[in-house]
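A short worksheet on the structure shown next.
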Amino acid sequence: MPQSALRPVPDLPGHRSADDEIEQAFPGSVLTHVLEVVTRDRLAVAIAALELIGEAGGRLEALHLARRGDSHDHRLKVVGLRPRQARALCDRLAALPGVDRAAVEHQILQS
């Protein structure tokens, strides 16, 4: 695949981004993100995830670890990020050594 096909498409002038539309559709709400990371090494990935969340400007609100056979399931609830930032964080987590899978779920909480 050509390198140019991997670059994100910037928002067009005069068009609202999906992030802006979420904020406008749910005024006064709080947007959180649940990152699910499946790994073979629980401690090293958990430490790296905390560092990456801080670098992205987010804050960890909750952490749940569960063993599933030979794997570990990390569920991290993160606040302080926009959806685009949470997706980029998920991509960075997926690229860590020992990570089998990473996904993000966006949650809109009414305050």
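Chain labels follow the order of the structure tokens: the first chain is A, the next B, and so on; residue numbering restarts at 1 in every chain, and ligands are counted from 1 in their shown order.
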
Quick one: everything within 10 Å of Glu23 (chain A), counting only C-alpha atoms, minus sequence neighbours fewer than 6 positions away in the same chain. Send it as a list in words.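 What passes the distance filter is Ser29, Val30, Leu31, Arg82 and Ile108 of chain A.
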
(message) Can you pull out the residues contacting Leu93 (chain A)? Cut-off 8 Å, using only C-alpha atoms, and skip same-chain residues under 2 positions away; I want them as a list in words.
(response)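 Near neighbours after the sequence-gap exclusion: Val37, Ala49, Leu52, Leu89, Cys90, Asp91, Ala95, Leu96, Val99 and Ala102 of chain A.
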
#### Entry: Contacts of Gln107 (chain A) at 10 Å (only C-alpha atoms; same-chain gap of 2+ positions) as a count of residues only
12

Quick one: pick out all alpha helix (DSSP H) residues within chain A from a backbone DSSP run and write them as JSON, numbers by chain.
{"A": [18, 19, 20, 21, 22, 23, 24, 25, 42, 43, 44, 45, 46, 47, 48, 49, 50, 51, 52, 53, 54, 55, 56, 83, 84, 85, 86, 87, 88, 89, 90, 91, 92, 93, 94]}

Take the residues just selected and output them with N, CA and C atoms as a short mmCIF file (atom, residue, chain, number, x, y, z; two decimals), in the first residue's frame.
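Contents of out03.cif, freshly written:
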```cif
data_model
loop_
_atom_site.label_atom_id
_atom_site.label_comp_id
_atom_site.auth_asym_id
_atom_site.auth_seq_id
_atom_site.Cartn_x
_atom_site.Cartn_y
_atom_site.Cartn_z
N ALA A 18 -16.21 14.72 13.42
CA ALA A 18 -17.05 13.82 14.20
C ALA A 18 -16.92 14.14 15.69
N ASP A 19 -15.72 14.52 16.13
CA ASP A 19 -15.51 14.89 17.53
C ASP A 19 -16.40 16.07 17.92
N ASP A 20 -16.44 17.10 17.07
CA ASP A 20 -17.27 18.27 17.34
C ASP A 20 -18.75 17.91 17.34
N GLU A 21 -19.16 17.03 16.44
CA GLU A 21 -20.56 16.64 16.36
C GLU A 21 -21.01 15.92 17.63
N ILE A 22 -20.16 15.09 18.19
CA ILE A 22 -20.50 14.40 19.44
C ILE A 22 -20.71 15.41 20.55
N GLU A 23 -19.80 16.36 20.68
CA GLU A 23 -19.91 17.36 21.74
C GLU A 23 -21.16 18.21 21.58
N GLN A 24 -21.54 18.54 20.34
CA GLN A 24 -22.72 19.35 20.11
C GLN A 24 -24.01 18.55 20.29
N ALA A 25 -23.99 17.27 19.96
CA ALA A 25 -25.18 16.44 20.09
C ALA A 25 -25.50 16.12 21.55
N ARG A 42 1.24 -9.02 31.57
CA ARG A 42 0.35 -8.09 32.26
C ARG A 42 1.06 -6.83 32.76
N LEU A 43 2.14 -6.97 33.48
CA LEU A 43 2.74 -5.82 34.14
C LEU A 43 3.40 -4.84 33.18
N ALA A 44 4.21 -5.32 32.27
CA ALA A 44 4.93 -4.42 31.36
C ALA A 44 3.97 -3.60 30.50
N VAL A 45 2.92 -4.22 30.00
CA VAL A 45 1.97 -3.50 29.16
C VAL A 45 1.15 -2.52 29.99
N ALA A 46 0.79 -2.88 31.20
CA ALA A 46 0.03 -1.96 32.06
C ALA A 46 0.85 -0.70 32.34
N ILE A 47 2.13 -0.86 32.62
CA ILE A 47 3.00 0.30 32.87
C ILE A 47 3.12 1.15 31.61
N ALA A 48 3.34 0.52 30.47
CA ALA A 48 3.45 1.27 29.21
C ALA A 48 2.14 1.99 28.90
N ALA A 49 1.00 1.35 29.16
CA ALA A 49 -0.30 1.98 28.90
C ALA A 49 -0.47 3.24 29.74
N LEU A 50 -0.08 3.17 31.00
CA LEU A 50 -0.19 4.35 31.87
C LEU A 50 0.69 5.49 31.36
N GLU A 51 1.88 5.16 30.90
CA GLU A 51 2.76 6.20 30.35
C GLU A 51 2.17 6.81 29.09
N LEU A 52 1.63 5.99 28.20
CA LEU A 52 1.05 6.50 26.96
C LEU A 52 -0.19 7.35 27.22
N ILE A 53 -1.00 6.97 28.19
CA ILE A 53 -2.19 7.77 28.54
C ILE A 53 -1.75 9.15 29.00
N GLY A 54 -0.73 9.21 29.85
CA GLY A 54 -0.22 10.50 30.32
C GLY A 54 0.33 11.34 29.19
N GLU A 55 1.08 10.72 28.27
CA GLU A 55 1.64 11.44 27.12
C GLU A 55 0.54 12.00 26.23
N ALA A 56 -0.59 11.29 26.13
CA ALA A 56 -1.70 11.73 25.28
C ALA A 56 -2.52 12.84 25.94
N PRO A 83 -12.25 11.73 20.93
CA PRO A 83 -12.31 10.43 20.26
C PRO A 83 -11.10 10.14 19.37
N ARG A 84 -10.67 11.12 18.63
CA ARG A 84 -9.52 10.93 17.73
C ARG A 84 -8.26 10.59 18.53
N GLN A 85 -8.06 11.27 19.67
CA GLN A 85 -6.91 11.00 20.51
C GLN A 85 -6.99 9.59 21.10
N ALA A 86 -8.19 9.17 21.49
CA ALA A 86 -8.37 7.83 22.05
C ALA A 86 -8.08 6.75 21.00
N ARG A 87 -8.49 6.99 19.76
CA ARG A 87 -8.19 6.03 18.69
C ARG A 87 -6.68 5.95 18.44
N ALA A 88 -6.01 7.10 18.46
CA ALA A 88 -4.56 7.10 18.27
C ALA A 88 -3.86 6.39 19.42
N LEU A 89 -4.35 6.59 20.64
CA LEU A 89 -3.80 5.88 21.79
C LEU A 89 -3.99 4.38 21.65
N CYS A 90 -5.15 3.96 21.19
CA CYS A 90 -5.42 2.54 20.96
C CYS A 90 -4.44 1.96 19.94
N ASP A 91 -4.19 2.69 18.88
CA ASP A 91 -3.23 2.24 17.86
C ASP A 91 -1.83 2.09 18.45
N ARG A 92 -1.44 3.04 19.30
CA ARG A 92 -0.11 2.96 19.93
C ARG A 92 -0.02 1.77 20.87
N LEU A 93 -1.11 1.50 21.61
CA LEU A 93 -1.12 0.35 22.50
C LEU A 93 -1.05 -0.95 21.71
N ALA A 94 -1.76 -1.01 20.59
CA ALA A 94 -1.77 -2.22 19.75
C ALA A 94 -0.39 -2.53 19.21
#
```

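Near Val38 (chain A), within 6 Å and counting only C-alpha atoms, sit His72, Asp73, Val99, Asp100 and Arg101 of chain A, not including residues fewer than 6 positions from it in the same chain.
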
Check the DSSP output for the backbone and give back, as a list of chain:residue names, the residues of region 54-84 of chain A in strand (DSSP E).
A:Arg59, A:Leu60, A:Glu61, A:Ala62, A:Leu63, A:His64, A:Leu65, A:Ala66, A:Arg67, A:Arg68, A:Ser71, A:His72, A:Asp73, A:His74, A:Arg75, A:Leu76, A:Lys77, A:Val78, A:Val79

Selected residues written out with C-alpha atoms, as an mmCIF file, in the first residue's frame:
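File produced: part-v6.cif:
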```
data_model
loop_
_atom_site.group_PDB
_atom_site.id
_atom_site.type_symbol
_atom_site.label_atom_id
_atom_site.label_comp_id
_atom_site.auth_asym_id
_atom_site.auth_seq_id
_atom_site.Cartn_x
_atom_site.Cartn_y
_atom_site.Cartn_z
ATOM 1 C CA ARG A 59 -6.220 10.518 32.883
ATOM 2 C CA LEU A 60 -6.822 6.945 33.985
ATOM 3 C CA GLU A 61 -10.117 6.729 35.848
ATOM 4 C CA ALA A 62 -10.320 2.945 36.316
ATOM 5 C CA LEU A 63 -8.293 -0.164 35.550
ATOM 6 C CA HIS A 64 -9.537 -3.747 35.464
ATOM 7 C CA LEU A 65 -7.211 -6.705 34.908
ATOM 8 C CA ALA A 66 -8.452 -10.246 34.275
ATOM 9 C CA ARG A 67 -6.671 -13.442 33.347
ATOM 10 C CA ARG A 68 -8.151 -15.340 30.398
ATOM 11 C CA SER A 71 -3.761 -13.990 28.128
ATOM 12 C CA HIS A 72 -4.491 -10.950 30.268
ATOM 13 C CA ASP A 73 -7.381 -8.614 29.566
ATOM 14 C CA HIS A 74 -6.739 -4.977 30.541
ATOM 15 C CA ARG A 75 -9.732 -2.614 30.574
ATOM 16 C CA LEU A 76 -8.699 0.985 31.071
ATOM 17 C CA LYS A 77 -11.260 3.760 31.503
ATOM 18 C CA VAL A 78 -9.704 7.025 30.321
ATOM 19 C CA VAL A 79 -11.007 10.601 30.495
#
```

Tell me which protein, DNA and RNA residues are within 10 Å of Asp70 (chain A), counting only C-alpha atoms, leaving out same-chain ones fewer than 5 positions away, and put them as a PDB file with C-alpha atoms, in the first residue's frame.
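Output below, filename result-v5.pdb:
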```pdb
ATOM      1  CA  THR A  39      -1.708  -9.213  26.220  1.00  0.00           C
ATOM      2  CA  ARG A  40       0.627 -11.989  27.240  1.00  0.00           C
ATOM      3  CA  ASP A  41       2.568  -9.810  29.737  1.00  0.00           C
TER       4      ASP A  41
END
```
